[in-house]
Protein chains: 2
Amino acid sequence: MPPVISIVSKKNSGKTTLLEKLIPALCQRGYRVGTIKHDHHGFEIDREGKDTWRHKQAGARTVVISSPRRIAMIKEVDEEVSLDRIVRHYFADMDLVITEGYKKERKPQIEVFRKKAHETPLHSKAAPGTLVAVVSDVPVDLGVPRFDIDDFLSLAAFIEERFLGAHLPP
Amino acid sequence: MPPVISIVSKKNSGKTTLLEKLIPALCQRGYRVGTIKHDHHGFEIDREGKDTWRHKQAGARTVVISSPRRIAMIKEVDEEVSLDRIVRHYFADMDLVITEGYKKERKPQIEVFRKKAHETPLHSKAAPGTLVAVVSDVPVDLGVPRFDIDDFLSLAAFIEERFLGAHLPP
């Protein structure tokens, strides 16, 4: 099983924006990165009118489309699949899995805190829980390493050292 | 492993249109039906601007989105995943898998033949191969049961009896 890290925050703090910078930085280091987005409400994926979309509309419970370069699946489920099961089943060939959300799952968490978006962070220094780092636009002490919101290269190096067994040069 | 049937035809003979009628007929009989679309060229799925789309654009090799009712995955692969592996990995919880395409995979095949679209069918009576039925808009003898293109209920009953172990009333 690859290591799993969760990017968490209060609402609209820019988790996806951070991921858009962090993922390429990790890819450039040669790691195969997978991501999991937690959706509470129900999502739409696929494009109206496509064959797979038509299969699904007709009642197929699981739809897969497979090509030489890519495979995709949409599956109806009776209950939410646990994070561990998702990682085991879909991410065995990855080096690292980053989740967007899943703050209740107690994986090592990196909080994104933007003072512009919220007054206080999700985590507190008194109860850091599984927090391993904070990424913020202002200085904040949560008792864990802090990275500036734009310093995703240092964050990538931190993740590499901490979760991917790499050793930084002295 | 659930049974697998392939819907095959020459180009643009209405495989998806048939599936749109066949799938609900099988669902109404209480079966969990999954489908696999074979894509030769490369497909796009997901919607521009969505978080999952942004993860993929950033370089994530595998992206999953999970909600209480549905889970979806998009994965880059180095080589095409075999049909058997797809079925084993993604369809273990289905009663029946229907593929659209995969005519080279030698699963039991149902050919869709529309005289309006092509002069001759894909299969011939002399070399039926794995053909188990033909669905057509004109009478055609391929040495296997033939169903009219609009008689998807009889086709569903045939599939049920032949592949799902059901016994039709005498």
# chains A, B, ... in the order shown; residues from 1 in each chain; ligands from 1
call {"tool": "closest_atom_pairs", "arguments": {"of": "chain A", "to": "chain B", "cutoff": "8 Å", "atoms": "only C-alpha atoms", "output": "JSON lines"}}
result
{"residue": "A:Thr16", "atom": "CA", "partner": "B:Asp51", "partner_atom": "CA", "distance": 6.3}
{"residue": "A:Leu19", "atom": "CA", "partner": "B:His55", "partner_atom": "CA", "distance": 6.9}
{"residue": "A:Glu20", "atom": "CA", "partner": "B:Ala58", "partner_atom": "CA", "distance": 5.2}
{"residue": "A:Lys21", "atom": "CA", "partner": "B:Ala58", "partner_atom": "CA", "distance": 7.3}
{"residue": "A:Ile23", "atom": "CA", "partner": "B:Ala58", "partner_atom": "CA", "distance": 6.0}
{"residue": "A:Pro24", "atom": "CA", "partner": "B:Ala58", "partner_atom": "CA", "distance": 5.8}
{"residue": "A:Cys27", "atom": "CA", "partner": "B:Gly59", "partner_atom": "CA", "distance": 6.8}
{"residue": "A:Arg32", "atom": "CA", "partner": "B:Arg61", "partner_atom": "CA", "distance": 6.3}
{"residue": "A:Val33", "atom": "CA", "partner": "B:Ala60", "partner_atom": "CA", "distance": 5.2}
{"residue": "A:Gly34", "atom": "CA", "partner": "B:Thr62", "partner_atom": "CA", "distance": 4.6}
{"residue": "A:Thr35", "atom": "CA", "partner": "B:Val63", "partner_atom": "CA", "distance": 4.9}
{"residue": "A:Ile36", "atom": "CA", "partner": "B:Val64", "partner_atom": "CA", "distance": 4.7}
{"residue": "A:Lys37", "atom": "CA", "partner": "B:Ile65", "partner_atom": "CA", "distance": 4.6}
{"residue": "A:His38", "atom": "CA", "partner": "B:Ser66", "partner_atom": "CA", "distance": 5.4}
{"residue": "A:Asp39", "atom": "CA", "partner": "B:Ser67", "partner_atom": "CA", "distance": 4.8}
{"residue": "A:His40", "atom": "CA", "partner": "B:Ser67", "partner_atom": "CA", "distance": 5.6}
{"residue": "A:His41", "atom": "CA", "partner": "B:Ser67", "partner_atom": "CA", "distance": 6.7}
{"residue": "A:Gly42", "atom": "CA", "partner": "B:Ser67", "partner_atom": "CA", "distance": 5.8}
{"residue": "A:Phe43", "atom": "CA", "partner": "B:Ser67", "partner_atom": "CA", "distance": 7.5}
{"residue": "A:Ile45", "atom": "CA", "partner": "B:Asp46", "partner_atom": "CA", "distance": 4.8}
{"residue": "A:Asp46", "atom": "CA", "partner": "B:Asp46", "partner_atom": "CA", "distance": 4.7}
{"residue": "A:Arg47", "atom": "CA", "partner": "B:Ile45", "partner_atom": "CA", "distance": 6.5}
{"residue": "A:Asp51", "atom": "CA", "partner": "B:Thr16", "partner_atom": "CA", "distance": 6.3}
{"residue": "A:Thr52", "atom": "CA", "partner": "B:Lys37", "partner_atom": "CA", "distance": 6.9}
{"residue": "A:Arg54", "atom": "CA", "partner": "B:Glu20", "partner_atom": "CA", "distance": 6.7}
{"residue": "A:His55", "atom": "CA", "partner": "B:Glu20", "partner_atom": "CA", "distance": 6.3}
{"residue": "A:Ala58", "atom": "CA", "partner": "B:Glu20", "partner_atom": "CA", "distance": 5.2}
{"residue": "A:Gly59", "atom": "CA", "partner": "B:Pro24", "partner_atom": "CA", "distance": 5.9}
{"residue": "A:Ala60", "atom": "CA", "partner": "B:Gly34", "partner_atom": "CA", "distance": 5.1}
{"residue": "A:Arg61", "atom": "CA", "partner": "B:Gly34", "partner_atom": "CA", "distance": 5.5}
{"residue": "A:Thr62", "atom": "CA", "partner": "B:Gly34", "partner_atom": "CA", "distance": 4.6}
{"residue": "A:Val63", "atom": "CA", "partner": "B:Thr35", "partner_atom": "CA", "distance": 4.9}
{"residue": "A:Val64", "atom": "CA", "partner": "B:Ile36", "partner_atom": "CA", "distance": 4.7}
{"residue": "A:Ile65", "atom": "CA", "partner": "B:Lys37", "partner_atom": "CA", "distance": 4.6}
{"residue": "A:Ser66", "atom": "CA", "partner": "B:His38", "partner_atom": "CA", "distance": 5.4}
{"residue": "A:Ser67", "atom": "CA", "partner": "B:Asp39", "partner_atom": "CA", "distance": 4.8}
{"residue": "A:Pro68", "atom": "CA", "partner": "B:Glu80", "partner_atom": "CA", "distance": 4.1}
{"residue": "A:Arg69", "atom": "CA", "partner": "B:Val77", "partner_atom": "CA", "distance": 5.1}
{"residue": "A:Arg70", "atom": "CA", "partner": "B:Glu76", "partner_atom": "CA", "distance": 4.4}
{"residue": "A:Ile71", "atom": "CA", "partner": "B:Lys75", "partner_atom": "CA", "distance": 5.3}
{"residue": "A:Ala72", "atom": "CA", "partner": "B:Ile74", "partner_atom": "CA", "distance": 4.3}
{"residue": "A:Met73", "atom": "CA", "partner": "B:Met73", "partner_atom": "CA", "distance": 5.1}
{"residue": "A:Ile74", "atom": "CA", "partner": "B:Ala72", "partner_atom": "CA", "distance": 4.3}
{"residue": "A:Lys75", "atom": "CA", "partner": "B:Ile71", "partner_atom": "CA", "distance": 5.3}
{"residue": "A:Glu76", "atom": "CA", "partner": "B:Arg70", "partner_atom": "CA", "distance": 4.4}
{"residue": "A:Val77", "atom": "CA", "partner": "B:Arg69", "partner_atom": "CA", "distance": 5.1}
{"residue": "A:Asp78", "atom": "CA", "partner": "B:Arg69", "partner_atom": "CA", "distance": 6.2}
{"residue": "A:Glu79", "atom": "CA", "partner": "B:Pro68", "partner_atom": "CA", "distance": 5.4}
{"residue": "A:Glu80", "atom": "CA", "partner": "B:Pro68", "partner_atom": "CA", "distance": 4.0}
{"residue": "A:Val81", "atom": "CA", "partner": "B:Ser66", "partner_atom": "CA", "distance": 7.4}
{"residue": "A:Tyr90", "atom": "CA", "partner": "B:Thr62", "partner_atom": "CA", "distance": 7.9}
{"residue": "A:Phe91", "atom": "CA", "partner": "B:Thr62", "partner_atom": "CA", "distance": 7.2}
{"residue": "A:Met94", "atom": "CA", "partner": "B:Thr62", "partner_atom": "CA", "distance": 7.9}
call {"tool": "atom_distance", "arguments": {"atom1": "CA of Asp84 in chain A", "atom2": "CA of Gly101 in chain A"}}
result
14.1 Å
call {"tool": "closest_residue", "arguments": {"among": "A:Val144, A:Val138, A:Glu119, A:Asp95", "to": "Gly30 in chain A", "atoms": "only C-alpha atoms"}}
result
A:Asp95
call {"tool": "select_by_dssp", "arguments": {"residues": "range 17-157 of chain B", "states": "strand (DSSP E)", "output": "ChimeraX atom specification"}}
result
/B:33-38,62-66,70-76,96-100,109-113,131-136,146-148
